[in-house]
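Enquirer: Have a peek at upload_4.cif (mmCIF, C-alpha atoms).
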data_model
#
loop_
_atom_site.label_atom_id
_atom_site.label_comp_id
_atom_site.auth_asym_id
_atom_site.auth_seq_id
_atom_site.Cartn_x
_atom_site.Cartn_y
_atom_site.Cartn_z
CA MET A 1 3.02 8.60 35.77
CA ALA A 2 3.46 5.48 33.79
CA ARG A 3 5.85 4.71 31.03
CA VAL A 4 5.12 2.03 28.47
CA ILE A 5 7.67 0.69 26.04
CA VAL A 6 6.50 -0.95 22.83
CA ASP A 7 9.12 -2.77 20.78
CA VAL A 8 8.25 -3.62 17.19
CA MET A 9 10.25 -6.11 15.13
CA LEU A 10 9.74 -7.56 11.67
CA LYS A 11 8.57 -11.16 11.91
CA PRO A 12 11.48 -13.58 11.62
CA GLU A 13 10.36 -14.80 8.20
CA ILE A 14 10.25 -11.28 6.72
CA LEU A 15 13.44 -10.19 4.97
CA ASP A 16 15.08 -7.22 6.72
CA PRO A 17 17.30 -5.54 4.09
CA GLN A 18 18.13 -2.67 6.47
CA GLY A 19 19.36 -5.11 9.10
CA ARG A 20 21.41 -6.84 6.45
CA ALA A 21 22.99 -3.52 5.38
CA VAL A 22 23.86 -2.75 9.02
CA GLN A 23 25.36 -6.22 9.35
CA GLY A 24 27.59 -5.50 6.38
CA ALA A 25 28.62 -2.14 7.85
CA LEU A 26 29.48 -3.66 11.23
CA GLY A 27 31.72 -6.13 9.46
CA ARG A 28 33.47 -3.38 7.53
CA LEU A 29 33.89 -1.34 10.73
CA ARG A 30 36.06 -3.99 12.42
CA LEU A 31 33.45 -6.12 14.21
CA SER A 32 34.08 -9.69 13.23
CA GLY A 33 31.72 -12.62 13.51
CA VAL A 34 28.37 -10.84 13.08
CA THR A 35 25.95 -13.57 11.99
CA ASP A 36 22.73 -11.54 11.84
CA VAL A 37 21.27 -8.07 12.50
CA ARG A 38 17.56 -7.30 12.71
CA GLN A 39 16.45 -3.68 12.93
CA GLY A 40 13.30 -2.69 14.79
CA LYS A 41 11.50 0.25 16.36
CA GLN A 42 10.97 1.30 19.94
CA PHE A 43 8.14 3.54 21.15
CA ILE A 44 8.47 5.10 24.61
CA ILE A 45 5.04 6.27 25.69
CA GLU A 46 4.56 8.52 28.72
CA LEU A 47 1.14 8.56 30.34
CA GLU A 48 -0.47 10.74 32.97
CA GLY A 49 -1.52 8.94 36.14
CA ASP A 50 -1.59 5.23 36.64
CA LEU A 51 -2.13 2.87 33.75
CA ASP A 52 -5.56 1.47 34.48
CA ASP A 53 -6.90 -1.67 32.83
CA ALA A 54 -8.98 0.23 30.29
CA ARG A 55 -6.05 2.28 29.00
CA ARG A 56 -3.78 -0.73 29.08
CA ALA A 57 -6.28 -2.62 26.91
CA THR A 58 -6.58 0.32 24.49
CA LEU A 59 -2.82 0.62 24.27
CA GLU A 60 -2.49 -3.10 23.64
CA GLU A 61 -5.05 -2.78 20.83
CA LEU A 62 -3.30 0.21 19.25
CA ALA A 63 0.09 -1.50 19.49
CA GLY A 64 -1.31 -4.12 17.12
CA GLU A 65 -3.32 -1.72 15.00
CA LEU A 66 -1.22 1.44 14.60
CA LEU A 67 2.26 0.93 16.05
CA SER A 68 2.77 -2.38 14.27
CA ASN A 69 1.32 -4.10 11.21
CA PRO A 70 0.46 -7.66 12.26
CA VAL A 71 0.98 -8.86 8.69
CA ILE A 72 4.72 -8.28 8.89
CA GLU A 73 5.58 -7.29 12.45
CA ASP A 74 5.42 -8.53 16.06
CA TYR A 75 5.36 -6.26 19.07
CA THR A 76 6.06 -6.58 22.77
CA MET A 77 4.69 -4.17 25.33
CA THR A 78 6.41 -3.49 28.66
CA VAL A 79 4.98 -1.28 31.37
CA VAL A 80 7.64 0.57 33.32
CA ASP A 81 6.28 1.94 36.59
CA ASP A 82 7.81 5.25 37.69
CA GLU A 83 7.46 4.28 41.35
CA ALA A 84 9.86 1.47 40.69
CA GLY A 85 12.46 4.17 40.14
CA ALA A 86 12.61 4.25 36.36
CA MET B 1 -23.13 11.66 -17.99
CA SER B 2 -19.62 10.45 -17.41
CA ALA B 3 -18.68 8.57 -14.28
CA ARG B 4 -17.22 10.52 -11.40
CA ILE B 5 -13.92 9.18 -10.12
CA GLY B 6 -12.55 10.70 -6.94
CA VAL B 7 -8.81 11.19 -6.39
CA VAL B 8 -7.74 11.64 -2.77
CA THR B 9 -5.07 14.09 -1.68
CA PHE B 10 -3.32 13.26 1.58
CA PRO B 11 -0.59 15.46 3.06
CA GLY B 12 2.42 14.24 1.08
CA SER B 13 0.54 12.84 -1.92
CA LEU B 14 2.44 13.47 -5.17
CA ASP B 15 0.58 11.96 -8.05
CA GLU B 16 -3.00 13.12 -7.58
CA ALA B 17 -2.76 15.60 -10.49
CA ASP B 18 -1.57 12.92 -12.90
CA ALA B 19 -4.21 10.49 -11.61
CA ALA B 20 -6.94 13.09 -12.14
CA ARG B 21 -5.57 13.81 -15.62
CA ALA B 22 -5.61 10.09 -16.44
CA VAL B 23 -9.26 9.89 -15.36
CA THR B 24 -10.12 12.83 -17.60
CA ILE B 25 -8.25 11.48 -20.62
CA ALA B 26 -9.99 8.12 -20.16
CA GLY B 27 -13.30 9.97 -20.41
CA GLY B 28 -14.31 10.23 -16.77
CA GLU B 29 -14.93 13.21 -14.53
CA ALA B 30 -12.12 13.60 -11.98
CA VAL B 31 -13.23 14.80 -8.56
CA SER B 32 -10.71 16.00 -5.97
CA LEU B 33 -11.19 14.50 -2.51
CA TRP B 34 -9.48 15.68 0.66
CA HIS B 35 -8.08 13.36 3.34
CA GLY B 36 -9.67 15.36 6.14
CA ASP B 37 -13.23 15.18 4.78
CA ASP B 38 -15.43 12.19 5.38
CA ASP B 39 -17.51 13.23 2.36
CA VAL B 40 -16.57 11.61 -0.94
CA LYS B 41 -18.91 13.84 -2.99
CA ASN B 42 -21.00 10.99 -4.42
CA VAL B 43 -18.18 9.66 -6.57
CA ASP B 44 -18.60 6.32 -8.35
CA ALA B 45 -15.01 5.15 -7.80
CA VAL B 46 -11.88 6.29 -5.98
CA VAL B 47 -8.17 6.42 -6.77
CA LEU B 48 -5.65 6.55 -3.92
CA PRO B 49 -2.62 8.11 -5.63
CA GLY B 50 1.09 7.65 -5.15
CA GLY B 51 3.34 9.76 -2.98
CA PHE B 52 4.50 9.81 0.61
CA SER B 53 1.35 10.35 2.67
CA TYR B 54 2.21 11.70 6.12
CA GLY B 55 5.87 11.52 5.15
CA ASP B 56 5.74 7.70 5.23
CA TYR B 57 6.13 8.08 9.01
CA LEU B 58 5.68 4.91 11.07
CA ARG B 59 5.09 2.73 7.99
CA CYS B 60 4.03 3.69 4.47
CA GLY B 61 0.28 4.24 4.51
CA ALA B 62 -0.05 3.48 8.23
CA ILE B 63 -1.29 6.93 9.21
CA ALA B 64 -3.23 7.66 6.01
CA ARG B 65 -5.30 4.60 6.78
CA PHE B 66 -6.86 6.47 9.71
CA ALA B 67 -7.70 9.66 7.74
CA PRO B 68 -11.42 10.57 7.92
CA VAL B 69 -11.89 10.07 4.17
CA MET B 70 -10.67 6.47 4.49
CA ASP B 71 -13.54 5.44 6.79
CA THR B 72 -15.99 6.40 4.05
CA ILE B 73 -13.90 4.77 1.33
CA ILE B 74 -13.50 1.53 3.29
CA ASP B 75 -17.29 1.32 3.80
CA ALA B 76 -17.91 2.03 0.11
CA ALA B 77 -15.30 -0.54 -0.93
CA HIS B 78 -17.07 -3.16 1.18
CA ARG B 79 -20.26 -2.30 -0.70
CA GLY B 80 -18.50 -2.83 -4.06
CA MET B 81 -17.30 0.62 -5.12
CA PRO B 82 -14.20 0.39 -7.36
CA VAL B 83 -11.08 1.55 -5.48
CA PHE B 84 -7.63 1.70 -7.05
CA GLY B 85 -4.51 2.21 -4.95
CA ILE B 86 -1.36 3.10 -6.86
CA CYS B 87 2.04 2.77 -5.12
CA ASN B 88 1.44 4.62 -1.82
CA GLY B 89 -2.26 3.97 -2.45
CA PHE B 90 -1.50 0.23 -2.64
CA GLN B 91 0.38 0.52 0.65
CA ILE B 92 -2.64 2.26 2.20
CA LEU B 93 -5.00 -0.48 0.94
CA CYS B 94 -2.77 -3.13 2.54
CA GLU B 95 -2.68 -1.17 5.81
CA THR B 96 -6.50 -1.01 5.81
CA HIS B 97 -6.52 -4.78 5.20
CA LEU B 98 -8.83 -4.29 2.21
CA LEU B 99 -6.01 -6.14 0.45
CA PRO B 100 -3.88 -8.88 2.05
CA GLY B 101 -0.13 -8.71 2.59
CA ALA B 102 2.12 -5.69 2.97
CA LEU B 103 4.75 -3.69 1.08
CA THR B 104 8.22 -3.60 2.53
CA ARG B 105 11.53 -1.95 1.76
CA ASN B 106 13.02 -2.95 -1.60
CA ASP B 107 15.33 -5.91 -1.05
CA HIS B 108 18.29 -3.99 -2.53
CA LEU B 109 17.51 -0.91 -0.36
CA HIS B 110 17.68 1.54 -3.27
CA PHE B 111 14.87 3.68 -4.58
CA VAL B 112 14.03 2.36 -8.04
CA CYS B 113 12.69 4.40 -10.96
CA ARG B 114 12.33 2.69 -14.33
CA ASP B 115 9.96 1.85 -17.15
CA GLN B 116 8.70 -1.55 -16.06
CA LYS B 117 7.31 -4.37 -18.14
CA LEU B 118 4.31 -6.16 -16.64
CA ARG B 119 1.98 -8.97 -17.60
CA ILE B 120 -1.71 -8.45 -16.82
CA GLU B 121 -2.95 -11.73 -15.38
CA ASN B 122 -6.49 -10.85 -14.30
CA THR B 123 -8.92 -9.29 -16.75
CA ALA B 124 -11.97 -9.60 -14.52
CA SER B 125 -11.30 -6.87 -11.92
CA ALA B 126 -12.96 -3.47 -12.12
CA TRP B 127 -9.63 -1.87 -13.05
CA THR B 128 -8.26 -4.45 -15.53
CA ARG B 129 -11.29 -5.71 -17.44
CA ASP B 130 -10.40 -3.88 -20.67
CA PHE B 131 -6.99 -5.57 -20.98
CA ALA B 132 -6.45 -8.59 -23.23
CA PRO B 133 -5.59 -11.78 -21.31
CA ASP B 134 -1.84 -11.92 -20.56
CA GLN B 135 -1.35 -8.52 -22.20
CA GLU B 136 2.17 -7.18 -21.70
CA ILE B 137 2.48 -3.50 -20.88
CA VAL B 138 5.20 -0.98 -19.96
CA ILE B 139 4.52 1.70 -17.34
CA PRO B 140 6.77 3.64 -14.95
CA LEU B 141 7.70 2.20 -11.58
CA LYS B 142 9.14 4.33 -8.78
CA ASN B 143 9.32 3.16 -5.20
CA GLY B 144 11.51 2.63 -2.20
CA GLU B 145 9.17 0.29 -0.36
CA GLY B 146 7.53 -1.79 -3.04
CA GLY B 147 8.44 -5.32 -2.04
CA TYR B 148 5.17 -7.24 -1.83
CA VAL B 149 5.14 -9.79 0.99
CA ALA B 150 2.51 -12.12 2.40
CA ASP B 151 2.68 -15.55 4.01
CA GLU B 152 2.89 -18.56 1.73
CA ALA B 153 -0.75 -19.56 2.30
CA THR B 154 -1.93 -16.09 1.29
CA LEU B 155 0.31 -16.09 -1.80
CA ASP B 156 -1.04 -19.52 -2.79
CA ARG B 157 -4.60 -18.33 -2.31
CA LEU B 158 -4.01 -15.15 -4.35
CA GLU B 159 -2.55 -17.17 -7.21
CA GLY B 160 -5.15 -19.94 -6.96
CA ASP B 161 -8.02 -17.45 -7.08
CA GLY B 162 -6.50 -15.48 -9.96
CA ARG B 163 -6.17 -12.39 -7.79
CA VAL B 164 -2.67 -11.46 -8.96
CA ILE B 165 -3.61 -8.76 -11.46
CA ALA B 166 -0.09 -7.95 -12.69
CA ARG B 167 3.36 -9.51 -12.45
CA TYR B 168 6.80 -8.04 -13.11
CA LEU B 169 8.44 -9.29 -16.29
CA ASP B 170 12.19 -9.40 -17.12
CA VAL B 171 13.25 -7.84 -13.80
CA ASN B 172 11.85 -8.11 -10.30
CA PRO B 173 12.61 -4.51 -9.30
CA ASN B 174 12.02 -4.68 -5.55
CA GLY B 175 12.08 -8.25 -4.29
CA SER B 176 8.31 -8.74 -4.43
CA ARG B 177 7.29 -12.30 -3.66
CA ARG B 178 6.47 -14.27 -6.78
CA ASP B 179 7.06 -11.14 -8.91
CA ILE B 180 3.71 -9.71 -7.79
CA ALA B 181 3.13 -6.12 -8.94
CA GLY B 182 -0.57 -5.86 -8.15
CA ILE B 183 -3.46 -7.74 -6.60
CA THR B 184 -7.22 -7.49 -6.19
CA ASN B 185 -9.70 -8.41 -3.46
CA GLU B 186 -12.10 -11.35 -3.76
CA ARG B 187 -14.83 -9.22 -5.26
CA GLY B 188 -12.51 -7.61 -7.83
CA ASN B 189 -13.48 -4.03 -7.02
CA VAL B 190 -10.42 -3.12 -4.95
CA VAL B 191 -7.08 -3.19 -6.79
CA GLY B 192 -3.58 -2.26 -5.64
CA LEU B 193 -0.68 -1.77 -8.04
CA MET B 194 2.89 -0.70 -7.28
CA PRO B 195 3.84 0.76 -10.72
CA HIS B 196 2.21 3.97 -11.98
CA PRO B 197 -0.30 3.72 -14.84
CA GLU B 198 -1.25 7.39 -14.42
CA HIS B 199 2.19 8.33 -15.77
CA ALA B 200 1.60 6.33 -18.96
CA VAL B 201 -1.48 7.91 -20.50
CA GLU B 202 0.05 10.22 -23.12
CA SER B 203 2.77 9.45 -25.65
CA LEU B 204 4.45 12.82 -25.03
CA THR B 205 5.44 11.99 -21.46
CA GLY B 206 4.94 8.28 -20.88
CA PRO B 207 6.75 5.19 -22.14
CA SER B 208 3.37 4.05 -23.53
CA THR B 209 -0.31 4.81 -23.13
CA ASP B 210 -0.93 1.39 -21.57
CA GLY B 211 -1.82 2.99 -18.25
CA LEU B 212 -4.98 4.45 -19.68
CA ILE B 213 -6.55 0.99 -19.86
CA PHE B 214 -6.78 0.79 -16.04
CA PHE B 215 -8.88 3.95 -15.93
CA ALA B 216 -10.94 2.99 -19.01
CA SER B 217 -11.60 -0.37 -17.32
CA ALA B 218 -13.11 1.35 -14.29
CA LEU B 219 -15.35 3.46 -16.53
CA SER B 220 -16.54 0.45 -18.52
CA SER B 221 -17.04 -1.50 -15.31
CA LEU B 222 -19.23 1.30 -13.95
CA MET B 223 -21.15 1.46 -17.25
CA ALA B 224 -21.72 -2.30 -17.14
CA GLY B 225 -22.88 -2.00 -13.52
CA ALA B 226 -25.28 0.81 -14.40
CA GLY B 227 -26.69 -1.19 -17.29
CA GLN B 228 -27.59 -4.16 -15.14
#
With the file now loaded, output its structure as structure tokens.
Expert:
Amino acid sequence: MARVIVDVMLKPEILDPQGRAVQGALGRLRLSGVTDVRQGKQFIIELEGDLDDARRATLEELAGELLSNPVIEDYTMTVVDDEAGA
Amino acid sequence: MSARIGVVTFPGSLDEADAARAVTIAGGEAVSLWHGDDDVKNVDAVVLPGGFSYGDYLRCGAIARFAPVMDTIIDAAHRGMPVFGICNGFQILCETHLLPGALTRNDHLHFVCRDQKLRIENTASAWTRDFAPDQEIVIPLKNGEGGYVADEATLDRLEGDGRVIARYLDVNPNGSRRDIAGITNERGNVVGLMPHPEHAVESLTGPSTDGLIFFASALSSLMAGAGQ
């Protein structure tokens, strides 16, 4: 069993109106000093068996092709090994 | 024989009936295409209509891009077939990278629905050739994620090459960079537009009949191509 986490965030130069709305809400809900909020997505992907190189490469490709749009978003991929006690 | 223009229905498409009606009123033969078929029934051009394909899950147009019908349409577009993406269709064309840039959430976060004034800035593309240069038109706009973004170099290139086909006038309704409402590819056969010309083809229901000119343009472009 392998678990892979893909985090997708809008590129820093892309306006994030949702993040800005959340920033405003945090301020109204008694959190002072919020200077910025960026909202992103997290994909938690469970896989059968070990993550071999071929599947890792495919996943890496799809993270940039399906899970994120490289025109506006960046992604990071983290492999969490179940044996490590996750 | 009139030209056959295909209109694709994805799960969650909304405006395919109006798009087909616009094709018919312009004098073409509208042909229904299905997202799950890779056959496009020998059509001469394709419209990707507005709506919320696949519920806008993941990103608008991100899943529709991988529908079987899109593989065929992408190949045909590369060979020069006229393709017109309206609203969600524009989002799909950006996701396929047939058009540069992307459409993001409106900067003010609200869904916007209004009659929108535009200036047509490219009268060479397959879908705008029947407009007068700098013609001003009014057609409906309705979107939640219509903010056009691209990096500065891409925006400069689009403007330098005359590939901005339409720009918002009076109001920028969604935060689009440089007021861009629609663009075309280098060849001029693929066009994406955020507002909805298919809702402005009859005086009874539309704010104008300006939208008809997009569909008439495609027909005259196909006629010109056939005559060559």
Enquirer: From the list B:Leu109, B:Arg178, B:Gly55, B:Ile73, which residue is nearest Glu152 in chain B when using all atoms listed in the file?
Expert: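 For Glu152 in chain B, the nearest of the given residues is B:Arg178.
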Enquirer: When you count all atoms listed in the file, which of these residues is closest to chain B: A:Leu31, A:Leu67, A:Leu26, A:Leu51?
Expert: A:Leu67
Enquirer: Need to verify the contact set: Pro17 in chain A, 9 Å, all atoms listed in the file, exclusion of same-chain residues closer than 6 positions in sequence. Can you return it as a PDB file with C-alpha atoms, keeping the file's coordinate frame?
Expert:
ATOM      1  CA  ARG A  38      17.560  -7.300  12.710  1.00  0.00           C
TER       2      ARG A  38
ATOM      3  CA  ARG B 105      11.530  -1.950   1.760  1.00  0.00           C
ATOM      4  CA  ASN B 106      13.020  -2.950  -1.600  1.00  0.00           C
ATOM      5  CA  ASP B 107      15.330  -5.910  -1.050  1.00  0.00           C
ATOM      6  CA  HIS B 108      18.290  -3.990  -2.530  1.00  0.00           C
ATOM      7  CA  LEU B 109      17.510  -0.910  -0.360  1.00  0.00           C
TER       8      LEU B 109
END
Enquirer: Select residues of chain A: the criterion is any atom within 9 Å of an atom of chain B, counting all atoms listed in the file; output as a PyMOL selection string.
Expert: chain A and resi 13-18+21+66-69+71-72
Enquirer: Which protein, DNA or RNA residues are at most 10 Å from (-7.4, -14.0, -9.6) in the file's coordinates when you count all atoms listed in the file, listed as a tab-separated table (two decimals) with C-alpha atoms, in the frame of the given file?
Expert:
chain	number	residue	atom	x	y	z
B	121	GLU	CA	-2.95	-11.73	-15.38
B	122	ASN	CA	-6.49	-10.85	-14.30
B	123	THR	CA	-8.92	-9.29	-16.75
B	124	ALA	CA	-11.97	-9.60	-14.52
B	125	SER	CA	-11.30	-6.87	-11.92
B	157	ARG	CA	-4.60	-18.33	-2.31
B	158	LEU	CA	-4.01	-15.15	-4.35
B	159	GLU	CA	-2.55	-17.17	-7.21
B	160	GLY	CA	-5.15	-19.94	-6.96
B	161	ASP	CA	-8.02	-17.45	-7.08
B	162	GLY	CA	-6.50	-15.48	-9.96
B	163	ARG	CA	-6.17	-12.39	-7.79
B	164	VAL	CA	-2.67	-11.46	-8.96
B	165	ILE	CA	-3.61	-8.76	-11.46
B	166	ALA	CA	-0.09	-7.95	-12.69
B	183	ILE	CA	-3.46	-7.74	-6.60
B	184	THR	CA	-7.22	-7.49	-6.19
B	185	ASN	CA	-9.70	-8.41	-3.46
B	186	GLU	CA	-12.10	-11.35	-3.76
B	187	ARG	CA	-14.83	-9.22	-5.26
B	188	GLY	CA	-12.51	-7.61	-7.83
